[in-house]
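Q: Before anything else, here's the structure in question.
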Amino acid sequence: MTYTSTVMNPVTVHRRHYEDLRVGEVIDIGRTTVTKEMIVTFAREFDPFPFHLDEAAAKASLLGGLASSGWQTAALSLRMLVDSFLNTVASMGGLGFSDLKWKAPVMVGDTIGGTATIAALRRSRHHPERGIVTLDFDIRNQKGEAVMSMRLANLVEVRDPSVPLDGAA
């Protein structure tokens, strides 16, 4: 099946498309400081372990103090990616993630941030109007210590689907 529409999406027409992205491109996703209120609010709703909710219990735990949920670290990282990159490209949505690793706890007062690097790009064979961008996250705290890594896949619009797939005829 050949995709023949050349009508650009009016919402994303001025954003970067698949053709504009390059393997190896590094995106600075910015930084955010994690507060006690952020940790407790997130944990109360989504990850209610004592070391996310109670300072005394957290102090006695392996973590040694009130720590962010790993899921909160991932959510904050995704928010920073949206603000710094995904809202600038013709993103069509996420496909999932792999290789998620929480490498060190994020504690009250830590500032986290980092980079997302374009690790791979490929066109969809079944939907030539779609490209897939694979991003590798490297999230660190204010001391430069790695706190999280993961690989994320996202769909991105192709500007001209009539161009052959990645050099294929």
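Convention: chains lettered A, B, ... in structure tokens order; per-chain residue numbering from 1; ligands numbered from 1 as shown.
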Excluding Thr111 in chain A and residues on its chain fewer than 3 positions from it, collect all residues at most 8 Å away from it, counting only C-alpha atoms, and give them as a CSV table (one decimal) with N, CA and C atoms, in the first residue's frame.
A:
```
chain,number,residue,atom,x,y,z
A,31,ARG,N,16.7,20.8,33.8
A,31,ARG,CA,16.9,20.3,35.2
A,31,ARG,C,15.7,20.7,36.0
A,32,THR,N,15.5,19.9,37.1
A,32,THR,CA,14.4,20.2,38.0
A,32,THR,C,14.9,19.8,39.4
A,33,THR,N,14.5,20.6,40.4
A,33,THR,CA,14.8,20.2,41.8
A,33,THR,C,13.6,19.5,42.4
A,34,VAL,N,13.9,18.4,43.1
A,34,VAL,CA,12.9,17.6,43.7
A,34,VAL,C,12.7,18.0,45.2
A,141,ASN,N,22.2,13.6,38.9
A,141,ASN,CA,21.9,14.6,40.0
A,141,ASN,C,22.9,15.7,39.9
A,142,GLN,N,22.8,16.6,40.8
A,142,GLN,CA,23.6,17.8,40.8
A,142,GLN,C,25.1,17.5,41.0
```
Q: Can you tell me, as a PyMOL selection string, what residues are no more than 9 Å from Val40 in chain A when counting only C-alpha atoms, ignoring any on the same chain fewer than 6 positions away?
A: chain A and resi 48+52-54+66+68
Q: For Ile118 in chain A, list every protein, DNA or RNA residue within 10 Å, evaluated using only C-alpha atoms, and leave out those in the same chain fewer than 5 positions away; present the list as a list in words.
A: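 After dropping sequence-adjacent residues, the list is Leu21, Arg22, Val23, Gly24, Glu25, Val26, Ile27, Val133, Thr134, Leu135, Asp136, Phe137, Arg151, Leu152 and Ala153 of chain A.
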Q: Restricting it to N, CA and C atoms, dump the selection as a PDB file, in the first residue's frame.
A:
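Result file follows (part_25.pdb):
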```pdb
ATOM      1  N   LEU A  21      15.920  14.935  11.916  1.00  0.00           N
ATOM      2  CA  LEU A  21      16.597  14.361  13.073  1.00  0.00           C
ATOM      3  C   LEU A  21      17.833  13.579  12.635  1.00  0.00           C
ATOM      4  N   ARG A  22      18.843  13.511  13.504  1.00  0.00           N
ATOM      5  CA  ARG A  22      20.085  12.820  13.186  1.00  0.00           C
ATOM      6  C   ARG A  22      20.515  11.928  14.342  1.00  0.00           C
ATOM      7  N   VAL A  23      20.930  10.705  14.014  1.00  0.00           N
ATOM      8  CA  VAL A  23      21.493   9.813  15.018  1.00  0.00           C
ATOM      9  C   VAL A  23      22.706  10.508  15.640  1.00  0.00           C
ATOM     10  N   GLY A  24      22.794  10.444  16.957  1.00  0.00           N
ATOM     11  CA  GLY A  24      23.886  11.085  17.677  1.00  0.00           C
ATOM     12  C   GLY A  24      23.535  12.461  18.217  1.00  0.00           C
ATOM     13  N   GLU A  25      22.429  13.034  17.758  1.00  0.00           N
ATOM     14  CA  GLU A  25      22.010  14.339  18.273  1.00  0.00           C
ATOM     15  C   GLU A  25      21.738  14.215  19.769  1.00  0.00           C
ATOM     16  N   VAL A  26      22.283  15.150  20.538  1.00  0.00           N
ATOM     17  CA  VAL A  26      22.127  15.151  21.985  1.00  0.00           C
ATOM     18  C   VAL A  26      21.215  16.304  22.378  1.00  0.00           C
ATOM     19  N   ILE A  27      20.169  15.973  23.120  1.00  0.00           N
ATOM     20  CA  ILE A  27      19.191  16.958  23.577  1.00  0.00           C
ATOM     21  C   ILE A  27      19.398  17.193  25.067  1.00  0.00           C
ATOM     22  N   VAL A 133      11.872   7.236  16.298  1.00  0.00           N
ATOM     23  CA  VAL A 133      13.093   7.764  16.886  1.00  0.00           C
ATOM     24  C   VAL A 133      13.314   7.048  18.223  1.00  0.00           C
ATOM     25  N   THR A 134      14.526   6.556  18.429  1.00  0.00           N
ATOM     26  CA  THR A 134      14.891   5.886  19.673  1.00  0.00           C
ATOM     27  C   THR A 134      15.836   6.809  20.427  1.00  0.00           C
ATOM     28  N   LEU A 135      15.479   7.086  21.684  1.00  0.00           N
ATOM     29  CA  LEU A 135      16.242   8.021  22.511  1.00  0.00           C
ATOM     30  C   LEU A 135      16.822   7.302  23.719  1.00  0.00           C
ATOM     31  N   ASP A 136      18.083   7.581  24.023  1.00  0.00           N
ATOM     32  CA  ASP A 136      18.731   7.058  25.222  1.00  0.00           C
ATOM     33  C   ASP A 136      18.845   8.175  26.246  1.00  0.00           C
ATOM     34  N   PHE A 137      18.240   7.956  27.411  1.00  0.00           N
ATOM     35  CA  PHE A 137      18.277   8.923  28.505  1.00  0.00           C
ATOM     36  C   PHE A 137      19.500   8.691  29.381  1.00  0.00           C
ATOM     37  N   ARG A 151      15.825   3.656  27.580  1.00  0.00           N
ATOM     38  CA  ARG A 151      15.677   3.831  26.137  1.00  0.00           C
ATOM     39  C   ARG A 151      14.195   4.017  25.848  1.00  0.00           C
ATOM     40  N   LEU A 152      13.873   5.022  25.059  1.00  0.00           N
ATOM     41  CA  LEU A 152      12.484   5.378  24.761  1.00  0.00           C
ATOM     42  C   LEU A 152      12.292   5.410  23.257  1.00  0.00           C
ATOM     43  N   ALA A 153      11.170   4.899  22.761  1.00  0.00           N
ATOM     44  CA  ALA A 153      10.842   4.946  21.331  1.00  0.00           C
ATOM     45  C   ALA A 153       9.615   5.827  21.132  1.00  0.00           C
TER      46      ALA A 153
END
```
Q: Find the residue from A:Leu155, A:Met150, A:Ala56, A:Ile39 that sits nearest to Asp99 in chain A; use only C-alpha atoms when measuring.
A: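 Checking each of A:Leu155, A:Met150, A:Ala56, A:Ile39 against Asp99 in chain A, counting only C-alpha atoms, the winner is A:Met150.
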Q: Assign secondary structure with DSSP using the backbone only, and return the residues of chain A in helix (DSSP H, G or I) as an NGL selection string.
A: :A and (18-20 or 36-46 or 50-53 or 55-60 or 70-84 or 86-88 or 165-167)
Q: Which residues come within 6 Å of range 158-162 of chain A, counting only C-alpha atoms, excluding same-chain residues fewer than 3 positions away, as a PyMOL selection string?
A: chain A and resi 17-18+128-130
Q: Pick the closest to Ala58 in chain A from A:Gly144, A:Asp28, A:Ser91, A:Val108: which is it, counting only C-alpha atoms?
A: A:Val108
Q: Report as a PyMOL selection string: the residues of range 28-133 of chain A with a DSSP assignment of strand (DSSP E), based on the backbone of this structure.
A: chain A and resi 28-33+91-102+111-123+130-133
Q: Between A:Gly109, A:Gly30, A:Gly70, A:Pro164, which residue has the minimum interatomic distance to Phe42 in chain A, considering only C-alpha atoms?
A: A:Gly70
Q: Which one is closest to Glu45 in chain A: A:Gln72, A:Ala60, A:Leu95, A:Ala146? Count only C-alpha atoms.
A: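 Distance minimum relative to Glu45 in chain A lands on A:Gln72.
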Q: So how many Å separate CA of Ser98 in chain A and CA of His126 in chain A, to one decimal?
A: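 Answer for the CA of Ser98 in chain A to CA of His126 in chain A separation: 22.7 Å.
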Q: So the first atom is CA of Arg16 in chain A and the second is CA of Ala90 in chain A; what is the distance between them in Å, to one decimal place?
A: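 Taking CA of Arg16 in chain A and CA of Ala90 in chain A, their separation equals 6.0 Å.
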Q: For Thr88 in chain A, which residue among A:Lys143, A:Arg123, A:Lys103, A:His14 is the nearest when counting only C-alpha atoms?
A: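 Looking at the shortest contact to Thr88 in chain A, the residue is A:His14.
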Q: Can you tell me which residues surround Thr73 in chain A at a distance of at most 9 Å, considering only C-alpha atoms, apart from same-chain residues fewer than 3 positions away, and format the answer as a list of chain:residue names?
A: A:Ser68, A:Ser69, A:Gly70, A:Leu76, A:Ser77, A:Leu78, A:Trp102, A:Val106, A:Ile112, A:Ile139, A:Val147, A:Met148
